[in-house]
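Engineer: Next comes target01.pdb, PDB, C-alpha atoms:
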ATOM      1  CA  MET A   1     -52.155 -19.826  29.012
ATOM      2  CA  ALA A   2     -48.494 -20.919  29.067
ATOM      3  CA  ILE A   3     -48.599 -21.335  25.294
ATOM      4  CA  LEU A   4     -49.520 -17.685  24.836
ATOM      5  CA  GLU A   5     -46.826 -16.539  27.268
ATOM      6  CA  GLN A   6     -44.132 -18.310  25.265
ATOM      7  CA  ALA A   7     -45.306 -16.803  21.977
ATOM      8  CA  ILE A   8     -45.567 -13.225  23.259
ATOM      9  CA  LEU A   9     -41.863 -12.298  22.998
ATOM     10  CA  PRO A  10     -41.300 -13.244  19.344
ATOM     11  CA  LEU A  11     -44.690 -11.897  18.286
ATOM     12  CA  SER A  12     -44.178  -8.600  20.111
ATOM     13  CA  LEU A  13     -40.920  -8.054  18.208
ATOM     14  CA  MET A  14     -42.542  -8.528  14.786
ATOM     15  CA  PRO A  15     -43.966  -4.979  14.307
ATOM     16  CA  GLY A  16     -40.565  -3.366  14.912
ATOM     17  CA  LEU A  17     -38.899  -5.905  12.666
ATOM     18  CA  GLY A  18     -41.502  -5.283   9.976
ATOM     19  CA  LEU A  19     -40.877  -1.553  10.163
ATOM     20  CA  MET A  20     -37.146  -2.116   9.741
ATOM     21  CA  ILE A  21     -37.792  -4.374   6.737
ATOM     22  CA  MET A  22     -40.062  -1.759   5.175
ATOM     23  CA  SER A  23     -37.577   1.086   5.650
ATOM     24  CA  THR A  24     -34.665  -1.024   4.392
ATOM     25  CA  VAL A  25     -36.616  -1.984   1.275
ATOM     26  CA  ASN A  26     -37.373   1.712   0.752
ATOM     27  CA  LEU A  27     -33.650   2.543   1.032
ATOM     28  CA  SER A  28     -32.818  -0.235  -1.402
ATOM     29  CA  VAL A  29     -35.344   0.971  -3.987
ATOM     30  CA  HIS A  30     -34.115   4.566  -3.671
ATOM     31  CA  LEU A  31     -30.486   3.496  -4.040
ATOM     32  CA  SER A  32     -31.331   1.367  -7.094
ATOM     33  CA  GLN A  33     -33.038   4.343  -8.727
ATOM     34  CA  GLU A  34     -30.070   6.572  -7.908
ATOM     35  CA  LEU A  35     -27.694   4.016  -9.443
ATOM     36  CA  HIS A  36     -29.855   3.824 -12.557
ATOM     37  CA  ILE A  37     -29.669   7.617 -12.945
ATOM     38  CA  LEU A  38     -25.909   7.661 -12.320
ATOM     39  CA  LEU A  39     -25.298   4.961 -14.931
ATOM     40  CA  GLN A  40     -27.186   6.974 -17.548
ATOM     41  CA  GLN A  41     -24.983  10.048 -17.059
ATOM     42  CA  SER A  42     -22.084  10.465 -19.435
ATOM     43  CA  ALA A  43     -19.869  12.075 -16.785
ATOM     44  CA  MET A  44     -20.439   9.523 -14.053
ATOM     45  CA  ASP A  45     -17.774   8.849 -11.472
ATOM     46  CA  PRO A  46     -16.916   5.104 -11.524
ATOM     47  CA  PHE A  47     -15.710   5.285  -7.914
ATOM     48  CA  VAL A  48     -19.094   6.541  -6.732
ATOM     49  CA  VAL A  49     -20.933   3.900  -8.770
ATOM     50  CA  ARG A  50     -18.792   1.110  -7.310
ATOM     51  CA  GLN A  51     -19.343   2.436  -3.784
ATOM     52  CA  LYS A  52     -23.103   2.628  -4.299
ATOM     53  CA  ILE A  53     -23.179  -0.915  -5.667
ATOM     54  CA  GLN A  54     -21.388  -2.038  -2.486
ATOM     55  CA  GLN A  55     -23.999  -0.120  -0.476
ATOM     56  CA  LEU A  56     -26.784  -1.923  -2.330
ATOM     57  CA  LYS A  57     -25.099  -5.251  -1.539
ATOM     58  CA  ARG A  58     -24.963  -4.264   2.146
ATOM     59  CA  LEU A  59     -28.661  -3.405   2.129
ATOM     60  CA  ASN A  60     -29.519  -6.750   0.525
ATOM     61  CA  GLN A  61     -27.467  -8.619   3.126
ATOM     62  CA  SER A  62     -29.242  -6.672   5.843
ATOM     63  CA  LEU A  63     -32.626  -7.541   4.333
ATOM     64  CA  PHE A  64     -31.661 -11.218   4.259
ATOM     65  CA  CYS A  65     -30.840 -11.067   7.976
ATOM     66  CA  LEU A  66     -34.076  -9.238   8.776
ATOM     67  CA  TYR A  67     -36.137 -11.798   6.843
ATOM     68  CA  ALA A  68     -34.297 -14.652   8.577
ATOM     69  CA  SER A  69     -35.016 -13.031  11.928
ATOM     70  CA  ALA A  70     -38.709 -12.638  11.102
ATOM     71  CA  GLY A  71     -38.906 -16.249   9.952
ATOM     72  CA  SER A  72     -37.191 -17.409  13.103
ATOM     73  CA  PHE A  73     -39.570 -15.440  15.333
ATOM     74  CA  LEU A  74     -42.605 -16.799  13.486
ATOM     75  CA  LEU A  75     -41.260 -20.339  13.741
ATOM     76  CA  VAL A  76     -40.817 -19.867  17.487
ATOM     77  CA  ALA A  77     -44.328 -18.480  17.865
ATOM     78  CA  PHE A  78     -45.856 -21.416  15.998
ATOM     79  CA  SER A  79     -43.672 -23.983  17.756
ATOM     80  CA  SER A  80     -44.972 -22.701  21.088
ATOM     81  CA  LEU A  81     -48.106 -24.703  20.302
ATOM     82  CA  PHE A  82     -46.083 -27.875  20.933
ATOM     83  CA  LYS A  83     -44.810 -28.562  24.440
ATOM     84  CA  SER A  84     -41.859 -30.604  23.215
ATOM     85  CA  ALA A  85     -40.357 -27.667  21.305
ATOM     86  CA  SER A  86     -38.990 -25.640  24.234
ATOM     87  CA  GLY A  87     -35.347 -26.169  23.217
ATOM     88  CA  LEU A  88     -36.162 -25.165  19.657
ATOM     89  CA  MET A  89     -37.845 -22.041  20.965
ATOM     90  CA  GLN A  90     -34.766 -20.871  22.853
ATOM     91  CA  TRP A  91     -32.530 -21.464  19.851
ATOM     92  CA  GLY A  92     -35.063 -19.811  17.563
ATOM     93  CA  VAL A  93     -35.273 -16.655  19.661
ATOM     94  CA  GLY A  94     -31.484 -16.576  19.959
ATOM     95  CA  PHE A  95     -31.052 -16.980  16.206
ATOM     96  CA  GLY A  96     -33.668 -14.306  15.535
ATOM     97  CA  VAL A  97     -32.014 -11.816  17.854
ATOM     98  CA  LEU A  98     -28.545 -12.622  16.463
ATOM     99  CA  THR A  99     -29.600 -12.113  12.839
ATOM    100  CA  TRP A 100     -31.402  -8.909  13.821
ATOM    101  CA  LEU A 101     -28.203  -7.615  15.441
ATOM    102  CA  ILE A 102     -26.188  -8.510  12.338
ATOM    103  CA  ALA A 103     -28.704  -6.572  10.244
ATOM    104  CA  LEU A 104     -28.367  -3.593  12.586
ATOM    105  CA  VAL A 105     -24.576  -3.643  12.263
ATOM    106  CA  LEU A 106     -24.876  -3.782   8.466
ATOM    107  CA  LEU A 107     -27.320  -0.857   8.506
ATOM    108  CA  ILE A 108     -24.999   1.181  10.730
ATOM    109  CA  ILE A 109     -22.119   0.518   8.320
ATOM    110  CA  PHE A 110     -24.420   1.463   5.439
ATOM    111  CA  ALA A 111     -25.381   4.754   7.104
ATOM    112  CA  SER A 112     -21.828   5.771   7.916
ATOM    113  CA  ARG A 113     -20.564   4.944   4.427
ATOM    114  CA  ALA A 114     -23.554   6.677   2.798
ATOM    115  CA  ILE A 115     -22.536   9.903   4.491
ATOM    116  CA  ALA A 116     -18.953   9.555   3.278
ATOM    117  CA  ILE A 117     -20.087   8.808  -0.288
ATOM    118  CA  LYS A 118     -22.431  11.817  -0.361
ATOM    119  CA  GLN A 119     -19.678  14.080   0.963
ATOM    120  CA  TYR A 120     -17.346  12.816  -1.750
ATOM    121  CA  GLN A 121     -20.013  13.425  -4.408
ATOM    122  CA  PHE A 122     -20.663  16.983  -3.215
ATOM    123  CA  GLN A 123     -16.973  17.820  -2.937
ATOM    124  CA  SER A 124     -16.212  16.481  -6.407
ATOM    125  CA  ARG A 125     -19.119  18.476  -7.845
ATOM    126  CA  LEU A 126     -17.784  21.620  -6.216
ATOM    127  CA  GLN A 127     -14.308  20.980  -7.610
ATOM    128  CA  ASP A 128     -15.713  20.360 -11.097
ATOM    129  CA  GLY A 129     -17.866  23.487 -10.903
ATOM    130  CA  ASN A 130     -20.980  21.403 -11.547
ATOM    131  CA  THR A 131     -23.829  22.600  -9.348
ATOM    132  CA  GLU A 132     -26.489  20.172 -10.605
ATOM    133  CA  ALA A 133     -27.954  17.818  -8.004
TER     134      ALA A 133
END
Kindly present the structure from the file in structure tokens form.
Structural biologist:
Amino acid sequence: MAILEQAILPLSLMPGLGLMIMSTVNLSVHLSQELHILLQQSAMDPFVVRQKIQQLKRLNQSLFCLYASAGSFLLVAFSSLFKSASGLMQWGVGFGVLTWLIALVLLIIFASRAIAIKQYQFQSRLQDGNTEA
């Protein structure tokens, strides 16, 4: 019974972590498609393209942290089968939570910068008189 109790915390965090991974991958795919479309336009704004490439880098770093967190939580859950791994379990949970928090910070930065980039795009389109989306 004690083995199950030690594995409950990391395993109970996995569905939320999986949902964050799925939504971050979705954001990354959408941003890649948007970049592809922007690069095909003849009147693209290099500033916007550079900013969106930085955003894609941020998303990839966030995904790395989320995957590391998931791996850490799974390692902790499996190591709970061994009684001698209690120290590893504490470090594993700590590492998993830390990398998850780093991913959250990166996603918050991504969200705030995405708003600023979109505002810049809309304002420059208004100034140019271009109303296409």
Engineer: Might you pull out every residue within 12 Å of Val29 of chain A, with all atoms listed in the file counted and same-chain residues fewer than 4 positions away left off, and present them as a PyMOL selection string?
Structural biologist: chain A and resi 22-25+33-36+55-56+59-60
Engineer: I'd like the contact shell of Ala7 of chain A - 10 Å cut-off, all atoms listed in the file, skipping same-chain residues fewer than 5 positions apart - returned as a VMD selection string.
Structural biologist: chain A and resid 2 12 73 to 81 89
Engineer: Please produce a file of those selected residues containing C-alpha atoms, as a PDB file, keeping the file's coordinate frame.
Structural biologist:
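Listing of part-v3.pdb after writing:
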ATOM      1  CA  ALA A   2     -48.494 -20.919  29.067  1.00  0.00           C
ATOM      2  CA  SER A  12     -44.178  -8.600  20.111  1.00  0.00           C
ATOM      3  CA  PHE A  73     -39.570 -15.440  15.333  1.00  0.00           C
ATOM      4  CA  LEU A  74     -42.605 -16.799  13.486  1.00  0.00           C
ATOM      5  CA  LEU A  75     -41.260 -20.339  13.741  1.00  0.00           C
ATOM      6  CA  VAL A  76     -40.817 -19.867  17.487  1.00  0.00           C
ATOM      7  CA  ALA A  77     -44.328 -18.480  17.865  1.00  0.00           C
ATOM      8  CA  PHE A  78     -45.856 -21.416  15.998  1.00  0.00           C
ATOM      9  CA  SER A  79     -43.672 -23.983  17.756  1.00  0.00           C
ATOM     10  CA  SER A  80     -44.972 -22.701  21.088  1.00  0.00           C
ATOM     11  CA  LEU A  81     -48.106 -24.703  20.302  1.00  0.00           C
ATOM     12  CA  MET A  89     -37.845 -22.041  20.965  1.00  0.00           C
TER      13      MET A  89
END
Engineer: If you apply the PyMOL selection byres ((chain A and resi 104) around 12) to this file, what residues do you get, as a ChimeraX atom specification?
Structural biologist: /A:17,20-21,24,58-59,61-66,69,97-103,105-111
Engineer: I'd like the interatomic distance between atom CA of Gln127 of chain A and atom CA of Ala114 of chain A, to a tenth of an Å.
Structural biologist: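 Those two atoms sit 20.0 Å apart.
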Engineer: Need the shell around segment 50-53 of chain A: protein/DNA/RNA residues with any atom at most 8 Å away, counting all atoms listed in the file. Skip same-chain ones fewer than 4 positions apart. Format as a VMD selection string?
Structural biologist: chain A and resid 31 35 46 57 117
Engineer: Using C-alpha atoms, can you export the residues from the last selection as a PDB file, keeping the file's coordinate frame?
Structural biologist:
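Okay, selection01.pdb is ready:
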ATOM      1  CA  LEU A  31     -30.486   3.496  -4.040  1.00  0.00           C
ATOM      2  CA  LEU A  35     -27.694   4.016  -9.443  1.00  0.00           C
ATOM      3  CA  PRO A  46     -16.916   5.104 -11.524  1.00  0.00           C
ATOM      4  CA  LYS A  57     -25.099  -5.251  -1.539  1.00  0.00           C
ATOM      5  CA  ILE A 117     -20.087   8.808  -0.288  1.00  0.00           C
TER       6      ILE A 117
END
Engineer: Name the closest residue to Lys118 of chain A among the candidates A:Gly96, A:Gln54, A:Gly87, A:Val48; distances are taken between atoms, counting all atoms listed in the file.
Structural biologist: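 Once distances to Lys118 of chain A are computed over all atoms listed in the file, the minimum belongs to A:Val48.
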Engineer: Go ahead and compute the interatomic distance for atom CA of Gln123 of chain A and atom CA of Gln40 of chain A, in Å to one decimal.
Structural biologist: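 So the answer is 20.9 Å.
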Engineer: Here is a test: counting only C-alpha atoms, which residue of A:Ile37, A:Ala43, A:Val49, A:Ala68 is nearest to Val93 of chain A?
Structural biologist: A:Ala68
Engineer: Please determine, counting all atoms listed in the file, which residue among A:Arg125, A:Phe47, A:Gly92, A:Arg113 has the shortest atom-to-atom distance to Ala70 of chain A.
Structural biologist: A:Gly92
Engineer: Atom CA of Leu19 of chain A and atom CA of Leu38 of chain A, how far apart in Å?
Structural biologist: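 Spanning atom CA of Leu38 of chain A to atom CA of Leu19 of chain A is a straight-line distance of 28.5 Å.
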Engineer: Around segment 101-117 of chain A, with edges along x, y and z and 6 Å added on all six sides, what centre and edge lengths do you get, in Å to one decimal, as JSON?
Structural biologist:
{"center_x": -23.8, "center_y": 0.7, "center_z": 7.6, "size_x": 21.8, "size_y": 30.4, "size_z": 27.7}
Engineer: When distances are computed from only C-alpha atoms, which of A:Ser42, A:His30, A:Gly71, A:Gln121 shows the smallest separation from Leu11 of chain A?
Structural biologist: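 Result for the nearest residue to Leu11 of chain A: A:Gly71.
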Engineer: How would segment 26-43 of chain A look with N, CA and C atoms restored, written as a short mmCIF file (atom, residue, chain, number, x, y, z; two decimals), in the frame of the given file?
Structural biologist:
data_model
loop_
_atom_site.label_atom_id
_atom_site.label_comp_id
_atom_site.auth_asym_id
_atom_site.auth_seq_id
_atom_site.Cartn_x
_atom_site.Cartn_y
_atom_site.Cartn_z
N ASN A 26 -37.26 0.37 1.31
CA ASN A 26 -37.37 1.71 0.75
C ASN A 26 -35.99 2.28 0.41
N LEU A 27 -35.02 2.11 1.31
CA LEU A 27 -33.65 2.54 1.03
C LEU A 27 -33.08 1.84 -0.19
N SER A 28 -33.34 0.56 -0.29
CA SER A 28 -32.82 -0.24 -1.40
C SER A 28 -33.40 0.23 -2.73
N VAL A 29 -34.70 0.49 -2.76
CA VAL A 29 -35.34 0.97 -3.99
C VAL A 29 -34.79 2.34 -4.38
N HIS A 30 -34.65 3.23 -3.40
CA HIS A 30 -34.12 4.57 -3.67
C HIS A 30 -32.68 4.48 -4.20
N LEU A 31 -31.87 3.64 -3.60
CA LEU A 31 -30.49 3.50 -4.04
C LEU A 31 -30.42 2.89 -5.44
N SER A 32 -31.29 1.95 -5.75
CA SER A 32 -31.33 1.37 -7.09
C SER A 32 -31.69 2.42 -8.13
N GLN A 33 -32.66 3.27 -7.80
CA GLN A 33 -33.04 4.34 -8.73
C GLN A 33 -31.89 5.33 -8.92
N GLU A 34 -31.20 5.66 -7.82
CA GLU A 34 -30.07 6.57 -7.91
C GLU A 34 -28.95 5.98 -8.77
N LEU A 35 -28.70 4.68 -8.61
CA LEU A 35 -27.69 4.02 -9.44
C LEU A 35 -28.09 4.03 -10.92
N HIS A 36 -29.36 3.81 -11.17
CA HIS A 36 -29.86 3.82 -12.56
C HIS A 36 -29.61 5.19 -13.19
N ILE A 37 -29.88 6.25 -12.45
CA ILE A 37 -29.67 7.62 -12.94
C ILE A 37 -28.18 7.88 -13.15
N LEU A 38 -27.35 7.46 -12.19
CA LEU A 38 -25.91 7.66 -12.32
C LEU A 38 -25.34 6.94 -13.54
N LEU A 39 -25.82 5.74 -13.81
CA LEU A 39 -25.30 4.96 -14.93
C LEU A 39 -25.70 5.55 -16.28
N GLN A 40 -26.75 6.34 -16.30
CA GLN A 40 -27.19 6.97 -17.55
C GLN A 40 -26.41 8.26 -17.84
N GLN A 41 -25.74 8.81 -16.86
CA GLN A 41 -24.98 10.05 -17.06
C GLN A 41 -23.68 9.76 -17.79
N SER A 42 -23.32 10.67 -18.68
CA SER A 42 -22.08 10.46 -19.43
C SER A 42 -20.85 10.78 -18.59
N ALA A 43 -21.00 11.68 -17.62
CA ALA A 43 -19.87 12.08 -16.78
C ALA A 43 -19.96 11.45 -15.39
#
